[in-house]
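A.B. asks: Can you keep this structure in mind? I'll have questions shortly.
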Amino acid sequence: MLSPRAHAILRHPAVGVFLVYLLGIGLRVEYTAHVHPPDAFISSDMEFYLSLAQRLAGSTAQLMPWEVTHPLGYPALLAFLLSDGGSLARAANLQLFVSCLVPLAVGLLGAAAFGRRTALAAVAVASLYFPFIEYGAFLLSEIHFILWLALAFAGFFAALGVRRRSVSLGLAAAGGLALSFAIALKSVALPAGLAFFGLQALALLLARPAGGIRWPARLQPWLLRAIVAAVAAAPLLIGMARVCTRANRGHFCVTGNKVGSDFLLGHYGPIADISWAPEEGHAFQFGSPSSFLRGYDKHVKVPFPMTDNRANSAEAWRWIFAHPFEAIVLSLDHIYDTFLGATMWPSFNTASWPYANLSQYAFVVLLFIPTVLAGARLAGQGPRALATSRTALVLSPVLALAITVAIATGEVRYRIPFDIFFVAVACAFVVGDLARVDGARVRGSNAGDAGEGAPASPGLAA
């Protein structure tokens, strides 16, 4: 017979969440080991990462422009794993290990942003969310990016919820360091970080804190956290910029040199792909998966290489000025395809396509709609309430993603890492933490009045 204390422990929600997490680990092991081994599905971007990793592992020769089209973080990691006789099995095992850590990182984000109940729900959702399982079974950078993105913003939100300045700055530094790792994997992490600190500054300016604190005093702690985060991120970013710029023949770049070609690919009409001119024998032909899913079949050739940002951007602007209405429609298409597209690449090319398609329905019903409802509830209290809410701050990286894909191209795969923010908001909405945190703040009470464990609001944190 169990004692009352043991019975109470077993009834605690954390026990159920832990069992769901173990189930998630089991699903990941089975899927990665038997259903979808990463080293058995290598094409397109995966081939690029692998060939560049082998080049980095086996040669110290200077990188060339066509080798820095993507951030170097993941190829460098693969190169390290392949060194000293390492095989792809080592890389596959790391993918699986990181995939198992992702639910815990998403839980940390939920805890820092909204509280413990959100954290437990977020761990459970992230444990069973198929895209997080799927991208752990591809030799792609997504699963690593998800981990570091979640840890970075968990650090940033945790920095808002503590009162000791030294602890707050330490958490901001940890967040900045994690963000630099995320940027090394995916360029879009940089605008995500900028959007977070930018919206936080706006919230502090719009807030009406008790005591009539003037805005310079409100912004000072924010500025300190932003500076500390930037300093922590700087070493890796500076090193990446040096390598990328040197490889790009003196033309400055940090995470890659195909910004212009992405811009052109997304704003050159309803095309299937672009074939760029060879650069010293190295030619590229790329198209967006969303163009394939939309059935576009027009193939375009341009007389300049993919790495020529100036030529690519000039051609994109020429087309935009000649077709302004069509350019706006294409940008809206990119946003739609990112958030509400049919399915994700490369899953629609594998036997797992039914799960990928179902996961998109799950995203819309279980994550997107609750997030929209949460935003609508806040918007009903006025623009100031929405702009200064914790919910808006959590979704600020999603806003950065929407702007980024509107400028370049969009597909579901780009959104998947940012689903961690939808998970946090949707879980907080369902378990009641969102109403507790943002509702109390909107009514003008202190975060401490919002309930035990409530994170501080942007205004209070300053």
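Just remember, in the structure tokens the first chain shown is A, the second B, etc., residues are 1-based per chain, and ligands are 1-based in the order shown.
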Segment 206-347 of chain A: which residues are strand (DSSP E) by DSSP, as a PyMOL selection string?
C.D. replies: chain A and resi 273-275+285-286+299-301
A.B. asks: Write the residues of the preceding selection, restricted to N, CA and C atoms, as a PDB file, in the first residue's frame.
C.D. replies:
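Resulting contents of out_38.pdb:
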ATOM      1  N   ASP A 273      13.068  27.299 -60.519  1.00  0.00           N
ATOM      2  CA  ASP A 273      14.435  27.405 -60.014  1.00  0.00           C
ATOM      3  C   ASP A 273      15.219  28.389 -60.864  1.00  0.00           C
ATOM      4  N   ILE A 274      16.449  28.666 -60.405  1.00  0.00           N
ATOM      5  CA  ILE A 274      17.384  29.530 -61.132  1.00  0.00           C
ATOM      6  C   ILE A 274      18.682  28.758 -61.332  1.00  0.00           C
ATOM      7  N   SER A 275      19.218  28.860 -62.526  1.00  0.00           N
ATOM      8  CA  SER A 275      20.537  28.313 -62.824  1.00  0.00           C
ATOM      9  C   SER A 275      21.502  29.479 -62.948  1.00  0.00           C
ATOM     10  N   GLN A 285      22.270  25.396 -59.233  1.00  0.00           N
ATOM     11  CA  GLN A 285      20.893  25.494 -59.690  1.00  0.00           C
ATOM     12  C   GLN A 285      19.999  25.137 -58.510  1.00  0.00           C
ATOM     13  N   PHE A 286      19.234  26.128 -58.044  1.00  0.00           N
ATOM     14  CA  PHE A 286      18.409  25.932 -56.866  1.00  0.00           C
ATOM     15  C   PHE A 286      16.988  26.397 -57.119  1.00  0.00           C
ATOM     16  N   HIS A 299      11.961  27.509 -65.677  1.00  0.00           N
ATOM     17  CA  HIS A 299      13.372  27.446 -65.289  1.00  0.00           C
ATOM     18  C   HIS A 299      14.092  28.666 -65.866  1.00  0.00           C
ATOM     19  N   VAL A 300      14.871  29.323 -65.022  1.00  0.00           N
ATOM     20  CA  VAL A 300      15.509  30.590 -65.402  1.00  0.00           C
ATOM     21  C   VAL A 300      17.019  30.452 -65.304  1.00  0.00           C
ATOM     22  N   LYS A 301      17.727  31.081 -66.253  1.00  0.00           N
ATOM     23  CA  LYS A 301      19.187  31.170 -66.201  1.00  0.00           C
ATOM     24  C   LYS A 301      19.598  32.630 -66.101  1.00  0.00           C
TER      25      LYS A 301
END
A.B. asks: I'd like the neighbourhood of Pro38 of chain A as number ranges by chain, where a residue qualifies if any of its atoms comes within 9 Å (using only C-alpha atoms), though same-chain residues fewer than 3 positions away should be ignored.
C.D. replies: A: 32-33, 41-42, 88-89, 91-92, 95, 136-139
A.B. asks: What are the DSSP helix (DSSP H, G or I) residues of segment 76-266 of chain A, as number ranges by chain?
C.D. replies: A: 76-82, 88-113, 116-128, 130-137, 142-160, 165-185, 189-206, 215-247, 259-266
A.B. asks: For Ser290 of chain A, which residue out of A:Val398, A:Ile420, A:Leu340, A:Val425 is the nearest one, using only C-alpha atoms?
C.D. replies: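 Under the stated criterion, the closest residue is A:Leu340.
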A.B. asks: Which polymer residues have any atom within 9 Å of an atom of segment 5-15 of chain A, counting only C-alpha atoms, with same-chain residues fewer than 3 positions away left out, as a PyMOL selection string?
C.D. replies: chain A and resi 2+18-20+117+120
A.B. asks: Kindly export the residues of the current selection with C-alpha atoms, as a short mmCIF file (atom, residue, chain, number, x, y, z; two decimals), in the first residue's frame.
C.D. replies:
data_model
loop_
_atom_site.label_atom_id
_atom_site.label_comp_id
_atom_site.auth_asym_id
_atom_site.auth_seq_id
_atom_site.Cartn_x
_atom_site.Cartn_y
_atom_site.Cartn_z
CA LEU A 2 1.47 3.32 -1.03
CA PHE A 18 8.56 12.46 -17.51
CA LEU A 19 6.85 9.32 -18.84
CA VAL A 20 5.87 11.20 -22.02
CA ARG A 117 3.03 24.64 -15.79
CA LEU A 120 5.74 20.80 -18.18
#
A.B. asks: Smallest atom-to-atom distance to Phe421 of chain A: which of A:Ala173, A:Ala105, A:Leu50, A:Ala272, using only C-alpha atoms?
C.D. replies: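 With only C-alpha atoms as the atom set, the closest residue is A:Ala105.
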A.B. asks: Which residue gives the smallest distance to Arg249 of chain A among A:Leu63, A:Leu185, A:Glu134, A:Phe339, with only C-alpha atoms counted?
C.D. replies: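 Among the listed residues, the smallest separation from Arg249 of chain A belongs to A:Leu63.
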A.B. asks: Name the residues in contact with Asp337 of chain A at a cut-off of 8 Å, using only C-alpha atoms, excluding same-chain residues fewer than 6 positions from it; report them as a list in words.
C.D. replies: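 After dropping sequence-adjacent residues, the list is Ser290, Gly410, Glu411 and Val412 of chain A.
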A.B. asks: Next, write the just-selected residues to a file, as a compact mmCIF listing (two decimals), in the first residue's frame, keeping N, CA and C atoms as the atom set.
C.D. replies:
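Okay, this is what ended up in part07.txt:
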# COMPACT_ATOMS: atom_id res chain seq x y z
N SER A 290 8.75 25.17 -51.96
CA SER A 290 7.40 25.73 -52.09
C SER A 290 7.03 25.94 -53.55
N GLY A 410 10.18 31.31 -48.76
CA GLY A 410 9.57 30.69 -47.60
C GLY A 410 9.21 29.24 -47.83
N GLU A 411 9.34 28.45 -46.79
CA GLU A 411 8.91 27.06 -46.80
C GLU A 411 8.72 26.60 -45.36
N VAL A 412 7.99 25.52 -45.16
CA VAL A 412 7.67 25.03 -43.83
C VAL A 412 8.93 24.72 -43.04
A.B. asks: Determine, counting only C-alpha atoms, which protein, DNA and RNA residues have an atom within 8 Å of an atom of Leu177 of chain A; residues of the same chain fewer than 4 positions away are not included. Present the result as number ranges by chain.
C.D. replies: A: 152, 173, 181, 229, 232-233
A.B. asks: Could the residues in this selection be saved with N, CA and C atoms as a PDB file, in the first residue's frame?
C.D. replies:
ATOM      1  N   ALA A 152      19.041  29.839 -26.026  1.00  0.00           N
ATOM      2  CA  ALA A 152      19.345  31.271 -26.084  1.00  0.00           C
ATOM      3  C   ALA A 152      18.195  32.090 -25.524  1.00  0.00           C
ATOM      4  N   ALA A 173      24.355  36.870 -20.764  1.00  0.00           N
ATOM      5  CA  ALA A 173      25.588  36.428 -21.420  1.00  0.00           C
ATOM      6  C   ALA A 173      25.455  34.999 -21.925  1.00  0.00           C
ATOM      7  N   PHE A 181      25.901  30.411 -31.213  1.00  0.00           N
ATOM      8  CA  PHE A 181      25.927  29.046 -31.754  1.00  0.00           C
ATOM      9  C   PHE A 181      24.777  28.845 -32.733  1.00  0.00           C
ATOM     10  N   ALA A 229      24.904  40.510 -23.838  1.00  0.00           N
ATOM     11  CA  ALA A 229      24.584  39.441 -24.780  1.00  0.00           C
ATOM     12  C   ALA A 229      25.399  39.585 -26.065  1.00  0.00           C
ATOM     13  N   ALA A 232      29.007  38.579 -25.448  1.00  0.00           N
ATOM     14  CA  ALA A 232      29.148  37.124 -25.351  1.00  0.00           C
ATOM     15  C   ALA A 232      29.070  36.457 -26.716  1.00  0.00           C
ATOM     16  N   ALA A 233      28.263  37.028 -27.613  1.00  0.00           N
ATOM     17  CA  ALA A 233      28.120  36.447 -28.951  1.00  0.00           C
ATOM     18  C   ALA A 233      29.251  36.851 -29.885  1.00  0.00           C
TER      19      ALA A 233
END
A.B. asks: Neighbours of Ala189 of chain A within 9 Å (only C-alpha atoms; same-chain residues fewer than 3 positions away dropped), as a list of chain:residue names?
C.D. replies: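 Selected residues are A:Phe145, A:Leu149, A:Leu179, A:Ser180, A:Ala182, A:Ile183, A:Ala184, A:Leu185, A:Lys186, A:Ala192, A:Gly193, A:Leu194, A:Pro397, A:Ala400, A:Leu401.
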A.B. asks: The selected residues should be written to file as a compact mmCIF listing (two decimals), in the first residue's frame (atoms: N, CA and C atoms).
C.D. replies:
# COMPACT_ATOMS: atom_id res chain seq x y z
N PHE A 145 20.06 23.66 -34.37
CA PHE A 145 19.57 25.04 -34.33
C PHE A 145 18.41 25.18 -33.34
N LEU A 149 18.67 27.66 -30.21
CA LEU A 149 17.70 28.76 -30.23
C LEU A 149 16.86 28.74 -28.95
N LEU A 179 23.03 32.08 -28.52
CA LEU A 179 22.54 32.67 -29.77
C LEU A 179 23.63 32.66 -30.84
N SER A 180 24.87 32.88 -30.45
CA SER A 180 25.96 32.85 -31.44
C SER A 180 26.10 31.46 -32.04
N ALA A 182 23.60 29.40 -32.39
CA ALA A 182 22.45 29.28 -33.29
C ALA A 182 22.71 30.01 -34.60
N ILE A 183 23.31 31.20 -34.53
CA ILE A 183 23.61 31.96 -35.74
C ILE A 183 24.61 31.21 -36.62
N ALA A 184 25.55 30.51 -35.99
CA ALA A 184 26.52 29.73 -36.75
C ALA A 184 25.86 28.60 -37.53
N LEU A 185 24.63 28.24 -37.14
CA LEU A 185 23.91 27.17 -37.82
C LEU A 185 22.89 27.70 -38.82
N LYS A 186 22.19 28.80 -38.46
CA LYS A 186 21.18 29.39 -39.31
C LYS A 186 21.23 30.91 -39.17
N ALA A 192 16.31 37.27 -35.33
CA ALA A 192 15.44 36.86 -34.23
C ALA A 192 15.89 37.52 -32.93
N GLY A 193 17.20 37.52 -32.68
CA GLY A 193 17.72 38.17 -31.48
C GLY A 193 17.50 39.67 -31.51
N LEU A 194 17.72 40.28 -32.67
CA LEU A 194 17.50 41.72 -32.79
C LEU A 194 16.04 42.07 -32.56
N PRO A 397 10.68 36.62 -32.23
CA PRO A 397 11.49 35.91 -33.23
C PRO A 397 10.67 35.43 -34.41
N ALA A 400 10.40 38.21 -36.78
CA ALA A 400 11.65 38.33 -37.55
C ALA A 400 11.70 37.30 -38.66
N LEU A 401 11.23 36.09 -38.38
CA LEU A 401 11.20 35.05 -39.41
C LEU A 401 10.28 35.45 -40.55
A.B. asks: Taking into account only C-alpha atoms, which residue in the set A:Tyr135, A:Tyr296, A:Phe114, A:Phe130 is nearest to Gly161 of chain A?
C.D. replies: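 Nearest to Gly161 of chain A: A:Phe114.
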A.B. asks: Arg90 of chain A: which residues within 10 Å, counting only C-alpha atoms, same-chain residues fewer than 4 positions away excluded, as a PDB file with N, CA and C atoms, in the first residue's frame?
C.D. replies:
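The resulting selection_20.pdb:
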ATOM      1  N   LEU A  78      30.373  18.630 -38.444  1.00  0.00           N
ATOM      2  CA  LEU A  78      30.534  17.352 -39.132  1.00  0.00           C
ATOM      3  C   LEU A  78      32.005  17.043 -39.389  1.00  0.00           C
ATOM      4  N   LEU A  81      33.461  15.628 -36.323  1.00  0.00           N
ATOM      5  CA  LEU A  81      33.013  14.263 -36.078  1.00  0.00           C
ATOM      6  C   LEU A  81      33.637  13.268 -37.043  1.00  0.00           C
ATOM      7  N   LEU A  82      33.951  13.730 -38.259  1.00  0.00           N
ATOM      8  CA  LEU A  82      34.540  12.836 -39.260  1.00  0.00           C
ATOM      9  C   LEU A  82      36.059  12.726 -39.137  1.00  0.00           C
ATOM     10  N   GLY A  86      36.501   9.129 -37.997  1.00  0.00           N
ATOM     11  CA  GLY A  86      35.095   9.089 -37.619  1.00  0.00           C
ATOM     12  C   GLY A  86      34.201   8.796 -38.820  1.00  0.00           C
ATOM     13  N   LEU A  94      24.985  11.717 -32.715  1.00  0.00           N
ATOM     14  CA  LEU A  94      24.889  13.055 -32.135  1.00  0.00           C
ATOM     15  C   LEU A  94      23.535  13.686 -32.478  1.00  0.00           C
ATOM     16  N   GLN A  95      23.065  13.487 -33.710  1.00  0.00           N
ATOM     17  CA  GLN A  95      21.755  14.003 -34.079  1.00  0.00           C
ATOM     18  C   GLN A  95      20.683  13.460 -33.120  1.00  0.00           C
TER      19      GLN A  95
END
A.B. asks: Dump as JSON lines the rows for residues of segment 319-393 of chain A within 12 Å of segment 430-437 of chain A: closest atom pair and distance in Å with one decimal, only C-alpha atoms counted, ordered by chain and rising residue number.
C.D. replies:
{"residue": "A:Leu366", "atom": "CA", "partner": "A:Val430", "partner_atom": "CA", "distance": 10.0}
{"residue": "A:Leu367", "atom": "CA", "partner": "A:Val430", "partner_atom": "CA", "distance": 10.3}
{"residue": "A:Ile369", "atom": "CA", "partner": "A:Val430", "partner_atom": "CA", "distance": 11.6}
{"residue": "A:Pro370", "atom": "CA", "partner": "A:Val430", "partner_atom": "CA", "distance": 7.9}
{"residue": "A:Thr371", "atom": "CA", "partner": "A:Val430", "partner_atom": "CA", "distance": 9.9}
{"residue": "A:Leu373", "atom": "CA", "partner": "A:Val430", "partner_atom": "CA", "distance": 10.6}
{"residue": "A:Ala374", "atom": "CA", "partner": "A:Leu434", "partner_atom": "CA", "distance": 8.0}
{"residue": "A:Gly375", "atom": "CA", "partner": "A:Leu434", "partner_atom": "CA", "distance": 10.4}
{"residue": "A:Arg377", "atom": "CA", "partner": "A:Ala435", "partner_atom": "CA", "distance": 9.5}
{"residue": "A:Leu378", "atom": "CA", "partner": "A:Ala435", "partner_atom": "CA", "distance": 9.4}
{"residue": "A:Thr388", "atom": "CA", "partner": "A:Val437", "partner_atom": "CA", "distance": 11.8}
{"residue": "A:Ser389", "atom": "CA", "partner": "A:Val437", "partner_atom": "CA", "distance": 8.7}
{"residue": "A:Arg390", "atom": "CA", "partner": "A:Val437", "partner_atom": "CA", "distance": 7.4}
{"residue": "A:Thr391", "atom": "CA", "partner": "A:Leu434", "partner_atom": "CA", "distance": 7.5}
{"residue": "A:Ala392", "atom": "CA", "partner": "A:Leu434", "partner_atom": "CA", "distance": 11.2}
A.B. asks: Grab the atom CA of Tyr74 of chain A to atom CA of Ser347 of chain A distance for me, in Å with one decimal place.
C.D. replies: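 About the pair atom CA of Tyr74 of chain A and atom CA of Ser347 of chain A: they are 19.9 Å apart.
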A.B. asks: Kindly assemble as a Markdown table a list of the segment 273-379 of chain A residues that lie within 8 Å of segment 254-257 of chain A, each paired with its nearest atom pair and their distance in Å to one decimal, using only C-alpha atoms, sorted first by chain and then by ascending residue number.
C.D. replies:
| residue | atom | partner | partner_atom | distance |
| --- | --- | --- | --- | --- |
| A:Thr307 | CA | A:Asn257 | CA | 5.8 |
| A:Asp308 | CA | A:Asn257 | CA | 8.0 |
| A:Asn309 | CA | A:Asn257 | CA | 7.0 |
A.B. asks: Restricting the output to C-alpha atoms, write the selected residues as a compact mmCIF listing (two decimals), in the first residue's frame.
C.D. replies:
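Below is the file selection.txt, written as the result:
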# COMPACT_ATOMS: atom_id res chain seq x y z
CA THR A 307 27.79 34.38 -54.87
CA ASP A 308 27.62 37.77 -56.60
CA ASN A 309 25.32 39.54 -54.14
A.B. asks: Tell me which of A:Phe363, A:Phe97, A:Phe156, A:Phe252 sits closest to Phe418 of chain A, counting only C-alpha atoms.
C.D. replies: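 Of all the options, A:Phe363 lies closest to Phe418 of chain A.
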